[in-house]
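Structure below is protein-v5.cif: mmCIF, C-alpha atoms.
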```cif
data_model
loop_
_atom_site.label_atom_id
_atom_site.label_comp_id
_atom_site.auth_asym_id
_atom_site.auth_seq_id
_atom_site.Cartn_x
_atom_site.Cartn_y
_atom_site.Cartn_z
CA MET W 26 183.29 131.92 112.44
CA THR W 27 182.84 128.18 112.83
CA ARG W 28 179.65 128.36 110.79
CA PHE W 29 181.43 130.11 107.91
CA LEU W 30 184.27 127.56 108.04
CA CYS W 31 181.77 124.72 107.85
CA LEU W 32 180.11 126.35 104.87
CA PHE W 33 183.48 126.69 103.10
CA LEU W 34 184.24 123.00 103.76
CA LEU W 35 180.79 122.06 102.51
CA ALA W 36 181.33 124.19 99.38
CA GLY W 37 184.63 122.42 98.74
CA LYS W 38 183.06 118.97 99.10
CA SER W 39 180.15 119.95 96.87
CA ALA W 40 182.52 121.24 94.19
CA TRP W 41 184.61 118.07 94.44
CA ASN W 42 181.54 115.93 93.79
CA ARG W 43 181.07 117.87 90.53
CA ARG W 44 184.78 118.04 89.71
CA GLY W 45 184.37 116.70 86.18
CA THR W 46 182.25 119.66 85.09
CA LEU W 47 183.94 122.30 87.22
CA ALA W 48 187.43 121.25 86.06
CA LEU W 49 186.70 122.93 82.74
CA VAL W 50 185.78 126.12 84.57
CA VAL W 51 189.00 126.00 86.60
CA CYS W 52 191.04 125.43 83.44
CA SER W 53 189.35 128.38 81.76
CA ILE W 54 190.17 130.64 84.70
CA ALA W 55 193.72 129.26 84.84
CA LEU W 56 194.33 129.98 81.15
CA SER W 57 193.09 133.54 81.43
CA ALA W 58 195.08 134.15 84.63
CA THR W 59 198.20 132.62 83.04
CA LEU W 60 197.86 134.98 80.09
CA LEU W 61 197.45 138.01 82.34
CA LEU W 62 200.30 137.06 84.69
CA GLY W 63 202.53 135.99 81.81
CA LEU W 64 202.10 139.30 79.98
CA GLU W 65 202.89 141.21 83.15
CA ARG W 66 205.99 139.09 83.81
CA ILE W 67 207.24 139.48 80.22
CA ARG W 68 206.46 143.22 80.17
CA SER W 69 208.28 143.94 83.42
CA GLN W 70 211.30 141.74 82.77
CA VAL W 71 211.75 142.81 79.15
CA ARG W 72 211.74 146.41 80.35
CA GLU W 73 214.20 145.49 83.09
CA SER W 74 216.46 143.73 80.57
CA PHE W 75 216.52 146.82 78.37
CA VAL W 76 217.12 149.19 81.26
CA GLN W 77 219.90 147.05 82.71
CA ALA W 78 221.76 146.70 79.40
CA VAL W 79 223.89 149.72 80.29
CA SER W 80 224.65 151.19 83.69
CA GLY W 81 227.00 153.97 84.72
CA THR W 82 227.19 155.51 81.25
CA ASP W 83 226.18 159.17 81.48
CA LEU W 84 226.11 160.08 77.78
CA ILE W 85 226.10 158.35 74.41
CA VAL W 86 227.61 160.59 71.75
CA GLY W 87 227.23 160.15 67.99
CA ALA W 88 226.68 162.02 64.76
CA ARG W 89 223.73 164.41 64.70
CA GLY W 90 220.52 162.44 64.33
CA GLY W 91 217.72 160.81 66.27
CA ASN W 92 218.24 160.08 69.96
CA LEU W 93 216.48 156.72 69.86
CA GLN W 94 218.32 155.60 66.73
CA LEU W 95 221.68 156.34 68.35
CA MET W 96 220.70 154.57 71.57
CA LEU W 97 219.33 151.47 69.84
CA TYR W 98 222.31 151.12 67.53
CA ALA W 99 225.11 151.91 69.98
CA ILE W 100 223.82 149.79 72.89
CA PHE W 101 221.46 147.21 71.41
CA HIS W 102 222.96 147.03 67.90
CA LEU W 103 219.50 147.39 66.35
CA GLY W 104 218.95 149.30 63.13
CA GLY W 105 221.80 151.23 61.57
CA ALA W 106 223.75 154.45 61.92
CA THR W 107 223.27 156.97 59.11
CA HIS W 108 226.59 158.75 59.82
CA ASN W 109 229.71 158.31 61.90
CA MET W 110 231.38 160.83 64.17
CA GLY W 111 235.00 161.85 63.79
CA PHE W 112 237.58 160.13 65.96
CA LYS W 113 239.25 163.51 66.59
CA SER W 114 235.99 164.74 68.12
CA ALA W 115 235.96 161.70 70.40
CA GLU W 116 239.49 162.54 71.56
CA VAL W 117 238.49 166.15 72.27
CA ILE W 118 235.54 164.96 74.40
CA GLY W 119 237.80 162.52 76.25
CA GLU W 120 240.21 165.35 77.13
CA ASN W 121 237.46 167.34 78.85
CA PRO W 122 238.30 167.60 82.58
CA GLU W 123 234.69 166.67 83.45
CA VAL W 124 235.04 163.32 81.65
CA ALA W 125 236.27 160.33 83.69
CA TRP W 126 236.41 157.81 80.85
CA THR W 127 235.25 157.20 77.28
CA ILE W 128 234.56 154.03 75.27
CA PRO W 129 234.75 154.39 71.47
CA ILE W 130 232.53 152.02 69.50
CA SER W 131 232.63 151.27 65.78
CA LEU W 132 229.98 149.05 64.20
CA GLY W 133 229.12 147.82 60.73
CA ASP W 134 230.50 144.30 60.38
CA SER W 135 229.08 141.00 61.60
CA HIS W 136 229.67 137.29 61.94
CA LEU W 137 226.89 134.84 61.09
CA GLY W 138 224.29 137.45 62.02
CA TYR W 139 225.99 138.54 65.26
CA PRO W 140 227.25 142.15 65.36
CA VAL W 141 230.96 142.88 65.51
CA VAL W 142 231.91 145.74 67.83
CA ALA W 143 235.26 147.47 67.44
CA THR W 144 236.44 149.16 70.63
CA ASN W 145 239.46 149.34 72.93
CA HIS W 146 240.40 147.97 76.35
CA ASP W 147 238.41 150.73 78.05
CA PHE W 148 235.29 148.77 77.13
CA PHE W 149 236.29 145.88 79.40
CA ARG W 150 237.41 148.26 82.15
CA HIS W 151 234.53 150.74 82.28
CA TYR W 152 231.41 149.23 80.68
CA LYS W 153 228.81 148.45 83.34
CA PHE W 154 225.46 146.70 83.22
CA ARG W 155 222.64 145.90 85.62
CA ASN W 156 223.60 147.28 89.06
CA GLN W 157 227.05 148.61 88.19
CA GLU W 158 228.32 145.10 87.38
CA SER W 159 231.51 144.86 85.33
CA ILE W 160 232.19 142.62 82.37
CA ALA W 161 234.05 139.43 83.31
CA PHE W 162 235.81 136.77 81.29
CA ALA W 163 234.69 133.18 81.52
CA ARG W 164 237.86 132.12 79.69
CA GLY W 165 240.81 133.89 78.18
CA GLN W 166 241.40 137.63 78.16
CA ALA W 167 240.90 140.82 76.14
CA PHE W 168 242.30 141.11 72.61
CA ASP W 169 246.03 141.69 72.49
CA ASP W 170 247.21 141.00 68.96
CA LEU W 171 245.72 142.76 65.94
CA PHE W 172 243.60 139.81 64.83
CA ASP W 173 242.32 138.72 68.23
CA VAL W 174 238.57 138.60 68.88
CA VAL W 175 236.56 138.34 72.11
CA VAL W 176 233.17 136.65 71.82
CA GLY W 177 230.07 137.04 73.98
CA ALA W 178 228.65 134.16 75.99
CA GLN W 179 225.73 133.51 73.64
CA VAL W 180 227.94 133.59 70.54
CA ALA W 181 230.30 131.07 72.11
CA ARG W 182 227.45 128.81 73.19
CA MET W 183 225.45 128.91 69.97
CA LEU W 184 228.41 128.60 67.59
CA GLY W 185 230.53 126.32 69.75
CA TYR W 186 233.48 128.70 69.88
CA ASP W 187 236.30 128.44 72.39
CA LEU W 188 239.80 129.83 72.77
CA GLY W 189 241.91 129.43 69.66
CA HIS W 190 238.96 129.07 67.26
CA GLU W 191 239.39 130.90 63.93
CA VAL W 192 236.64 133.36 62.96
CA ALA W 193 236.04 135.07 59.61
CA LEU W 194 234.07 138.31 59.76
CA SER W 195 231.77 139.63 57.07
CA HIS W 196 231.09 143.15 55.88
CA GLY W 197 227.68 144.60 56.76
CA GLY W 198 224.76 142.69 58.22
CA GLY W 199 226.15 139.23 57.61
CA ASP W 200 223.56 137.92 55.16
CA ILE W 201 224.32 135.23 52.56
CA LEU W 202 225.50 137.75 49.94
CA ALA W 203 227.75 139.70 52.34
CA ILE W 204 231.39 140.16 51.40
CA MET W 205 233.61 138.10 53.67
CA HIS W 206 236.84 139.22 55.30
CA ASP W 207 238.09 135.66 55.12
CA ASP W 208 241.51 136.83 53.91
CA MET W 209 242.11 138.15 57.45
CA PRO W 210 240.83 135.56 59.94
CA PHE W 211 240.62 136.29 63.65
CA THR W 212 241.46 134.03 66.58
CA VAL W 213 239.25 133.80 69.66
CA ARG W 214 241.26 135.27 72.50
CA GLY W 215 238.56 135.46 75.17
CA VAL W 216 235.02 134.36 76.00
CA LEU W 217 232.91 136.69 78.14
CA ALA W 218 230.80 135.54 81.07
CA PRO W 219 227.00 135.76 80.57
CA THR W 220 225.45 139.16 81.27
CA GLY W 221 221.89 138.86 79.94
CA THR W 222 222.54 141.95 77.78
CA PRO W 223 223.45 142.58 74.11
CA VAL W 224 227.08 141.98 75.14
CA ASP W 225 226.32 138.24 75.05
CA ARG W 226 225.36 138.43 71.36
CA SER W 227 228.36 140.38 70.10
CA LEU W 228 231.98 139.90 69.03
CA TYR W 229 234.64 142.41 70.03
CA ILE W 230 237.75 143.42 68.12
CA SER W 231 240.11 146.40 68.38
CA LEU W 232 239.60 149.65 66.50
CA ALA W 233 242.88 148.96 64.72
CA ALA W 234 241.56 145.57 63.56
CA MET W 235 238.45 147.23 62.13
CA GLU W 236 240.70 149.55 60.14
CA ALA W 237 242.95 146.69 59.05
CA ILE W 238 240.24 144.50 57.51
CA HIS W 239 239.01 147.46 55.48
CA LEU W 240 242.35 148.48 54.02
CA GLY W 241 242.06 148.59 50.25
CA TRP W 242 238.29 149.06 50.42
CA GLN W 243 236.35 151.85 48.81
CA GLY W 244 232.59 152.43 48.72
CA GLY W 245 231.92 149.36 50.90
CA ALA W 246 233.78 146.92 48.62
CA PRO W 247 237.42 145.88 48.06
CA LEU W 248 239.25 147.49 45.17
CA PRO W 249 239.62 145.01 42.25
CA GLY W 250 243.06 143.46 41.98
CA LEU W 251 244.26 144.86 45.33
CA LYS W 252 244.98 142.23 47.94
CA ILE W 253 246.54 143.08 51.30
CA SER W 254 247.88 140.32 53.52
CA PRO W 255 247.47 140.33 57.32
CA GLU W 256 251.20 141.03 57.68
CA GLN W 257 250.97 144.06 55.40
CA ALA W 258 247.82 145.26 57.18
CA SER W 259 249.58 145.21 60.56
CA LYS W 260 252.16 147.66 59.16
CA LEU W 261 249.72 149.92 57.29
CA ILE W 262 247.03 150.47 59.92
CA GLN W 263 246.46 154.01 61.08
CA GLU W 264 244.32 155.77 63.61
CA PRO W 265 240.62 155.46 62.67
CA GLU W 266 239.09 158.49 61.02
CA SER W 267 235.62 157.90 62.42
CA ILE W 268 233.66 155.80 64.90
CA THR W 269 229.98 155.03 65.34
CA ALA W 270 229.49 156.27 68.91
CA LEU W 271 231.26 157.22 72.10
CA LEU W 272 230.15 156.15 75.57
CA VAL W 273 231.02 158.77 78.18
CA GLY W 274 231.31 158.55 81.96
CA LEU W 275 231.64 161.73 84.03
CA GLU W 276 233.56 162.60 87.16
CA ARG W 277 230.40 164.23 88.55
CA ARG W 278 227.00 163.23 87.21
CA SER W 279 225.65 166.65 88.13
CA ARG W 280 227.59 168.04 85.15
CA VAL W 281 225.84 165.86 82.59
CA PHE W 282 223.52 168.61 81.31
CA ALA W 283 226.38 171.08 80.94
CA LEU W 284 228.50 168.61 78.97
CA GLN W 285 225.51 167.61 76.85
CA ARG W 286 224.97 171.26 75.96
CA ASP W 287 228.67 171.72 75.12
CA ILE W 288 228.61 168.69 72.82
CA HIS W 289 225.50 169.96 71.02
CA ASP W 290 227.25 173.31 70.54
CA TYR W 291 230.49 171.73 69.30
CA ARG W 292 231.47 173.73 66.22
CA GLU W 293 233.84 171.30 64.52
CA GLU W 294 231.17 168.68 63.95
CA ALA W 295 227.42 168.22 64.38
CA LEU W 296 227.05 165.81 67.28
CA THR W 297 224.26 164.42 69.44
CA ALA W 298 224.63 163.49 73.12
CA VAL W 299 221.96 161.22 74.57
CA MET W 300 221.35 160.35 78.20
CA PRO W 301 220.54 156.59 78.29
CA GLY W 302 217.81 156.95 80.93
CA VAL W 303 215.97 159.62 78.96
CA ALA W 304 216.21 157.59 75.76
CA MET W 305 214.87 154.51 77.56
CA ASP W 306 211.84 156.49 78.74
CA GLN W 307 211.19 157.57 75.16
CA ILE W 308 211.40 153.97 73.98
CA TRP W 309 208.82 152.83 76.53
CA GLN W 310 206.54 155.71 75.66
CA MET W 311 206.54 154.43 72.11
CA VAL W 312 205.62 150.88 73.11
CA ASN W 313 203.19 151.97 75.82
CA THR W 314 200.22 151.77 73.45
CA GLY W 315 201.08 148.19 72.53
CA GLU W 316 201.43 147.27 76.20
CA LYS W 317 198.01 148.70 76.97
CA ALA W 318 196.46 146.84 74.03
CA LEU W 319 197.91 143.52 75.21
CA LEU W 320 196.75 144.24 78.75
CA LEU W 321 193.24 144.99 77.51
CA VAL W 322 193.11 141.74 75.54
CA SER W 323 194.25 139.72 78.56
CA LEU W 324 191.70 141.47 80.79
CA LEU W 325 188.94 140.60 78.33
CA VAL W 326 190.08 136.98 78.34
CA THR W 327 189.96 137.01 82.16
CA VAL W 328 186.45 138.47 82.11
CA THR W 329 185.45 135.72 79.69
CA GLY W 330 186.80 133.10 82.10
CA LEU W 331 184.85 134.59 85.00
CA ALA W 332 181.73 134.73 82.83
CA GLY W 333 182.18 131.00 82.25
CA LEU W 334 182.31 130.53 86.01
CA VAL W 335 179.00 132.36 86.46
CA ALA W 336 177.39 130.45 83.60
CA ALA W 337 178.53 127.07 84.96
CA ILE W 338 177.19 127.73 88.47
CA LEU W 339 173.91 129.17 87.16
CA ALA W 340 173.45 126.20 84.83
CA GLY W 341 173.88 123.81 87.73
CA LEU W 342 171.37 125.52 89.99
CA GLY W 343 168.45 123.67 88.45
CA GLU W 344 170.06 120.29 89.17
CA ARG W 345 171.14 121.38 92.64
CA ARG W 346 167.75 122.72 93.67
CA ARG W 347 166.95 119.48 95.48
CA GLU W 348 170.31 119.69 97.31
CA LEU W 349 169.60 123.24 98.39
CA THR W 350 166.09 122.26 99.52
CA ILE W 351 167.52 119.50 101.70
CA LEU W 352 169.95 121.98 103.24
CA ARG W 353 167.06 124.30 104.02
CA SER W 354 165.08 121.46 105.56
CA VAL W 355 167.91 120.63 107.99
CA GLY W 356 168.15 124.22 109.21
CA ALA W 357 170.25 126.13 106.68
CA ARG W 358 169.20 129.74 106.37
CA PRO W 359 168.89 131.57 103.03
CA ALA W 360 171.99 133.58 103.96
CA ASP W 361 173.88 130.29 104.39
CA ILE W 362 172.93 129.27 100.86
CA LEU W 363 174.24 132.59 99.56
CA VAL W 364 177.54 132.13 101.40
CA LEU W 365 177.78 128.52 100.21
CA LEU W 366 177.48 129.43 96.52
CA ALA W 367 179.77 132.46 96.85
CA ALA W 368 182.37 130.33 98.65
CA GLU W 369 182.17 127.70 95.94
CA GLY W 370 182.82 130.28 93.22
CA PHE W 371 185.68 131.80 95.22
CA LEU W 372 187.31 128.37 95.69
CA LEU W 373 187.09 127.73 91.95
CA VAL W 374 188.79 131.07 91.21
CA VAL W 375 191.55 130.42 93.75
CA SER W 376 192.09 126.95 92.30
CA GLY W 377 192.37 128.49 88.83
CA ILE W 378 194.93 131.04 90.07
CA LEU W 379 197.04 128.34 91.74
CA LEU W 380 196.94 126.31 88.54
CA ALA W 381 197.92 129.45 86.60
CA LEU W 382 200.96 129.98 88.87
CA PHE W 383 202.07 126.41 88.27
CA ALA W 384 201.58 126.74 84.50
CA LEU W 385 203.45 130.06 84.48
CA PHE W 386 206.38 128.50 86.35
CA LEU W 387 206.61 125.68 83.79
CA LEU W 388 206.34 128.08 80.83
CA LEU W 389 209.04 130.37 82.20
CA ASN W 390 211.42 127.46 82.75
CA PHE W 391 210.76 126.30 79.20
CA LEU W 392 210.83 129.67 77.46
CA SER W 393 213.67 131.33 79.40
CA PRO W 394 216.57 129.60 77.59
CA VAL W 395 214.83 130.01 74.23
CA LEU W 396 214.27 133.76 74.66
CA LEU W 397 217.79 134.18 76.05
CA ASP W 398 219.33 132.47 73.02
CA LEU W 399 217.17 134.21 70.42
CA TYR W 400 216.71 137.70 71.86
CA GLY W 401 218.92 137.95 74.94
CA ILE W 402 215.87 138.48 77.16
CA VAL W 403 216.17 137.12 80.68
CA LEU W 404 212.93 135.76 82.15
CA ASP W 405 213.24 134.78 85.77
CA ALA W 406 210.98 132.05 87.15
CA SER W 407 211.00 133.75 90.53
CA LEU W 408 208.29 134.36 93.11
CA PRO W 409 205.46 136.70 92.02
CA SER W 410 206.16 140.40 92.25
CA LEU W 411 203.96 142.86 94.15
CA THR W 412 202.20 143.75 90.89
CA GLU W 413 201.51 140.09 90.16
CA TRP W 414 200.19 139.55 93.69
CA GLY W 415 197.92 142.53 93.06
CA ILE W 416 196.69 140.97 89.80
CA MET W 417 195.92 137.69 91.55
CA GLY W 418 194.15 139.55 94.33
CA GLY W 419 192.12 141.48 91.78
CA ILE W 420 191.12 138.28 89.97
CA SER W 421 190.12 136.72 93.30
CA VAL W 422 187.96 139.69 94.24
CA ALA W 423 186.43 139.83 90.76
CA GLY W 424 185.75 136.09 90.92
CA PHE W 425 184.07 136.43 94.31
CA CYS W 426 181.91 139.29 93.02
CA ALA W 427 181.02 137.26 89.92
CA ALA W 428 180.08 134.29 92.12
CA LEU W 429 177.63 136.52 93.99
CA ILE W 430 175.40 136.56 90.88
CA PRO W 431 174.48 132.85 91.04
CA ALA W 432 174.65 133.07 94.85
CA PHE W 433 171.86 135.67 94.92
CA ARG W 434 169.91 133.54 92.48
CA ALA W 435 170.27 130.56 94.83
CA TYR W 436 169.33 132.82 97.73
CA ARG W 437 166.03 133.76 96.06
CA LEU W 438 165.34 130.14 95.16
CA SER W 439 165.97 129.08 98.74
CA LEU W 440 163.53 131.70 99.96
CA SER W 441 160.78 130.44 97.67
CA ASP W 442 161.59 126.79 98.48
CA GLY W 443 161.53 127.67 102.17
CA LEU W 444 158.04 129.09 101.84
CA SER W 445 156.95 125.89 100.07
CA LEU W 446 158.36 123.78 102.87
CA SER W 447 156.61 125.85 105.52
CA ARG W 448 153.30 125.12 103.92
#
```
Turn this file's structure into structure tokens for me.
Amino acid sequence: MTRFLCLFLLAGKSAWNRRGTLALVVCSIALSATLLLGLERIRSQVRESFVQAVSGTDLIVGARGGNLQLMLYAIFHLGGATHNMGFKSAEVIGENPEVAWTIPISLGDSHLGYPVVATNHDFFRHYKFRNQESIAFARGQAFDDLFDVVVGAQVARMLGYDLGHEVALSHGGGDILAIMHDDMPFTVRGVLAPTGTPVDRSLYISLAAMEAIHLGWQGGAPLPGLKISPEQASKLIQEPESITALLVGLERRSRVFALQRDIHDYREEALTAVMPGVAMDQIWQMVNTGEKALLLVSLLVTVTGLAGLVAAILAGLGERRRELTILRSVGARPADILVLLAAEGFLLVVSGILLALFALFLLLNFLSPVLLDLYGIVLDASLPSLTEWGIMGGISVAGFCAALIPAFRAYRLSLSDGLSLSR
């Protein structure tokens, strides 16, 4: 054991004497390991961010259509809904004795690129995310008056909004040519605490407010010459005829399949009921090919880095032949030379992995706020996960095996040099 420890110390000192050349090898290994670890961290935490966007919701109900489209639009506000479902149908579902609560959602408007979600107070009471965490207010409270708006944490931070700020919504996606609802401005009533979900990137108004700002509209545009004031709108608003989706929570989750079947068989209207967990699995099946492609690219980069390690040690064997001969002359055995070269390669790989961990920590601290602001993705600069430890262990083993190639070459050279010395 002491002999092996001495050989490891000798390998470290030998590598340090050639640190200028070997630093490039360590950097190459570090870059490849950073890429591999970074892709794994992004893959796992992006998936976790998507999965944790909604928790406790048993069914998402909408007009008949694609499951993924309904899930992406209702929860993540991505894409668009082709049809709405009737509000009467939502009330019928809510009256089912198996249903504990419902959250109606109506989408379609925006504010400076951020989606506007029309709902009711049940959203703030029953919507859960992550591990059954409830929505909380950083400041203010839920909308009370007709033209109150609640803004997500990211909206408030990026646009500088606070309580009392006036907000003008726009019809549709909120591009430059969108029609503005500036004749009916809203006042910020509350600011939500950060959640790390699409809630942070949304604005929330009441269903009645969504109806009010569209009074006098037809075919997605206001009728010419017809102008309705906010005071008139507050007197003319009626119950909405349709909504985009309905989030449903059950008294007993074991009844989810029965209720889903009943909703699909609903005769008054063609509806679709989606279980969020099933839809999430379908989403990740779609992106699985891309994940594997990125993983393959990063593995190839890692192999390239290890090949550079082998090439660097092999290239230096000619210059180190005198060093190895001296070691043999003072009693080192051929097996010691093999262990020495293998230990040197292993130390270089471990140094590269440690440098990769440091680089990954810096990148995560730099990129986390950027990705959170732009995409709402939370990247945690935490300790490596079990998978990441496994990746680092795999790289270490692969590096040790790669180092055996020049080690065996040195072993054969030491044998021939030993025979020369014996003569």
Within 9 Å of Asn390 in chain W using all atoms listed in the file, minus same-chain residues under 5 positions, as a VMD selection string: chain W and resid 385 404 to 406
So the first atom is CA of Leu132 in chain W and the second is CA of Val117 in chain W; what is the distance between them in Å, to one decimal place? 20.7 Å
Just the residues within 9 Å of Met305 in chain W, please, counting only C-alpha atoms, with nothing from its chain fewer than 4 positions along; format it as a compact mmCIF listing (two decimals) with C-alpha atoms, in the frame of the given file.
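out30.txt was written with the following content:
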```txt
# COMPACT_ATOMS: atom_id res chain seq x y z
CA PHE W 75 216.52 146.82 78.37
CA VAL W 76 217.12 149.19 81.26
CA LEU W 93 216.48 156.72 69.86
CA MET W 96 220.70 154.57 71.57
CA MET W 300 221.35 160.35 78.20
CA PRO W 301 220.54 156.59 78.29
CA TRP W 309 208.82 152.83 76.53
CA GLN W 310 206.54 155.71 75.66
```
Could you list, as a ChimeraX atom specification, every residue matched by the PyMOL selection byres ((chain W and resi 127) around 7) in this structure? /W:119,126,128-129,271-274
Computed interatomic separation between CA of Phe433 in chain W and CA of Val375 in chain W (Å):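 Taking CA of Phe433 in chain W and CA of Val375 in chain W, their separation equals 20.4 Å.
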Return the single residue from W:Arg226, W:Leu331, W:Asp170, W:Val303 that is closest to Phe425 in chain W, with distances computed using all atoms listed in the file.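 Of all the options, W:Leu331 lies closest to Phe425 in chain W.
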Go ahead and find all residues with at least one atom no further than 10 Å from (199.4, 142.0, 74.3) in the file's coordinates, using all atoms listed in the file; report them as a list in words.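 Taken together, the residues in range are Leu60, Leu61, Leu64, Glu65, Arg68, Thr314, Gly315, Glu316, Lys317, Ala318, Leu319, Leu320, Leu321, Val322 and Ser323 of chain W.
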Kindly resolve the PyMOL selection byres ((chain W and resi 85) around 12) on the present coordinates and return the residues as a PyMOL selection string. chain W and resi 79-84+86-89+91-100+110+115+118+127-130+269-275+281+284-285+288+296-304
Could you write out that same residue set with C-alpha atoms as a PDB file, keeping the file's coordinate frame?
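Resulting contents of again_7.pdb:
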```pdb
ATOM      1  CA  VAL W  79     223.890 149.720  80.290  1.00  0.00           C
ATOM      2  CA  SER W  80     224.650 151.190  83.690  1.00  0.00           C
ATOM      3  CA  GLY W  81     227.000 153.970  84.720  1.00  0.00           C
ATOM      4  CA  THR W  82     227.190 155.510  81.250  1.00  0.00           C
ATOM      5  CA  ASP W  83     226.180 159.170  81.480  1.00  0.00           C
ATOM      6  CA  LEU W  84     226.110 160.080  77.780  1.00  0.00           C
ATOM      7  CA  VAL W  86     227.610 160.590  71.750  1.00  0.00           C
ATOM      8  CA  GLY W  87     227.230 160.150  67.990  1.00  0.00           C
ATOM      9  CA  ALA W  88     226.680 162.020  64.760  1.00  0.00           C
ATOM     10  CA  ARG W  89     223.730 164.410  64.700  1.00  0.00           C
ATOM     11  CA  GLY W  91     217.720 160.810  66.270  1.00  0.00           C
ATOM     12  CA  ASN W  92     218.240 160.080  69.960  1.00  0.00           C
ATOM     13  CA  LEU W  93     216.480 156.720  69.860  1.00  0.00           C
ATOM     14  CA  GLN W  94     218.320 155.600  66.730  1.00  0.00           C
ATOM     15  CA  LEU W  95     221.680 156.340  68.350  1.00  0.00           C
ATOM     16  CA  MET W  96     220.700 154.570  71.570  1.00  0.00           C
ATOM     17  CA  LEU W  97     219.330 151.470  69.840  1.00  0.00           C
ATOM     18  CA  TYR W  98     222.310 151.120  67.530  1.00  0.00           C
ATOM     19  CA  ALA W  99     225.110 151.910  69.980  1.00  0.00           C
ATOM     20  CA  ILE W 100     223.820 149.790  72.890  1.00  0.00           C
ATOM     21  CA  MET W 110     231.380 160.830  64.170  1.00  0.00           C
ATOM     22  CA  ALA W 115     235.960 161.700  70.400  1.00  0.00           C
ATOM     23  CA  ILE W 118     235.540 164.960  74.400  1.00  0.00           C
ATOM     24  CA  THR W 127     235.250 157.200  77.280  1.00  0.00           C
ATOM     25  CA  ILE W 128     234.560 154.030  75.270  1.00  0.00           C
ATOM     26  CA  PRO W 129     234.750 154.390  71.470  1.00  0.00           C
ATOM     27  CA  ILE W 130     232.530 152.020  69.500  1.00  0.00           C
ATOM     28  CA  THR W 269     229.980 155.030  65.340  1.00  0.00           C
ATOM     29  CA  ALA W 270     229.490 156.270  68.910  1.00  0.00           C
ATOM     30  CA  LEU W 271     231.260 157.220  72.100  1.00  0.00           C
ATOM     31  CA  LEU W 272     230.150 156.150  75.570  1.00  0.00           C
ATOM     32  CA  VAL W 273     231.020 158.770  78.180  1.00  0.00           C
ATOM     33  CA  GLY W 274     231.310 158.550  81.960  1.00  0.00           C
ATOM     34  CA  LEU W 275     231.640 161.730  84.030  1.00  0.00           C
ATOM     35  CA  VAL W 281     225.840 165.860  82.590  1.00  0.00           C
ATOM     36  CA  LEU W 284     228.500 168.610  78.970  1.00  0.00           C
ATOM     37  CA  GLN W 285     225.510 167.610  76.850  1.00  0.00           C
ATOM     38  CA  ILE W 288     228.610 168.690  72.820  1.00  0.00           C
ATOM     39  CA  LEU W 296     227.050 165.810  67.280  1.00  0.00           C
ATOM     40  CA  THR W 297     224.260 164.420  69.440  1.00  0.00           C
ATOM     41  CA  ALA W 298     224.630 163.490  73.120  1.00  0.00           C
ATOM     42  CA  VAL W 299     221.960 161.220  74.570  1.00  0.00           C
ATOM     43  CA  MET W 300     221.350 160.350  78.200  1.00  0.00           C
ATOM     44  CA  PRO W 301     220.540 156.590  78.290  1.00  0.00           C
ATOM     45  CA  GLY W 302     217.810 156.950  80.930  1.00  0.00           C
ATOM     46  CA  VAL W 303     215.970 159.620  78.960  1.00  0.00           C
ATOM     47  CA  ALA W 304     216.210 157.590  75.760  1.00  0.00           C
TER      48      ALA W 304
END
```
Pull out every residue that the PyMOL selection byres ((chain W and resi 206-223) around 6) matches in the shown coordinates and put them as a ChimeraX atom specification. /W:78,101,161-168,172-178,188-195,205,224-226,255,401
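One distance worth recording is that between CA of Thr327 in chain W and CA of Met311 in chain W, which is 26.1 Å.
Here the question is which of W:Phe149, W:Leu334, W:Phe383, W:Ile262 gets nearest to Leu366 in chain W using all atoms listed in the file, and that residue is W:Leu334.
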Closest to Leu389 in chain W among W:Arg150, W:Ser421, W:Ser407, W:Asp287, using all atoms listed in the file?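 Among the listed residues, W:Ser407 lies closest to Leu389 in chain W.
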Within 6 Å of (240.1, 149.5, 70.5) (coordinates as in the file), grab all the protein and nucleic acid residues, counting all atoms listed in the file, and write them out as a compact mmCIF listing (two decimals) with C-alpha atoms, in the frame of the given file.
```txt
# COMPACT_ATOMS: atom_id res chain seq x y z
CA THR W 144 236.44 149.16 70.63
CA ASN W 145 239.46 149.34 72.93
CA SER W 231 240.11 146.40 68.38
CA LEU W 232 239.60 149.65 66.50
```
Rank W:Glu413, W:Glu120, W:Asp187, W:Glu158 by their smallest atom-to-atom distance to Ile67 in chain W, using all atoms listed in the file, and report the top residue only. W:Glu413
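With all atoms listed in the file as the atoms that count, the residue of W:Ile268, W:Ile420, W:Ala143, W:Leu429 with the shortest distance to Val326 in chain W is W:Ile420.
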Counting all atoms listed in the file, closest pick from W:Ala48, W:Phe386, W:Arg72, W:Pro394 relative to Arg182 in chain W is W:Pro394
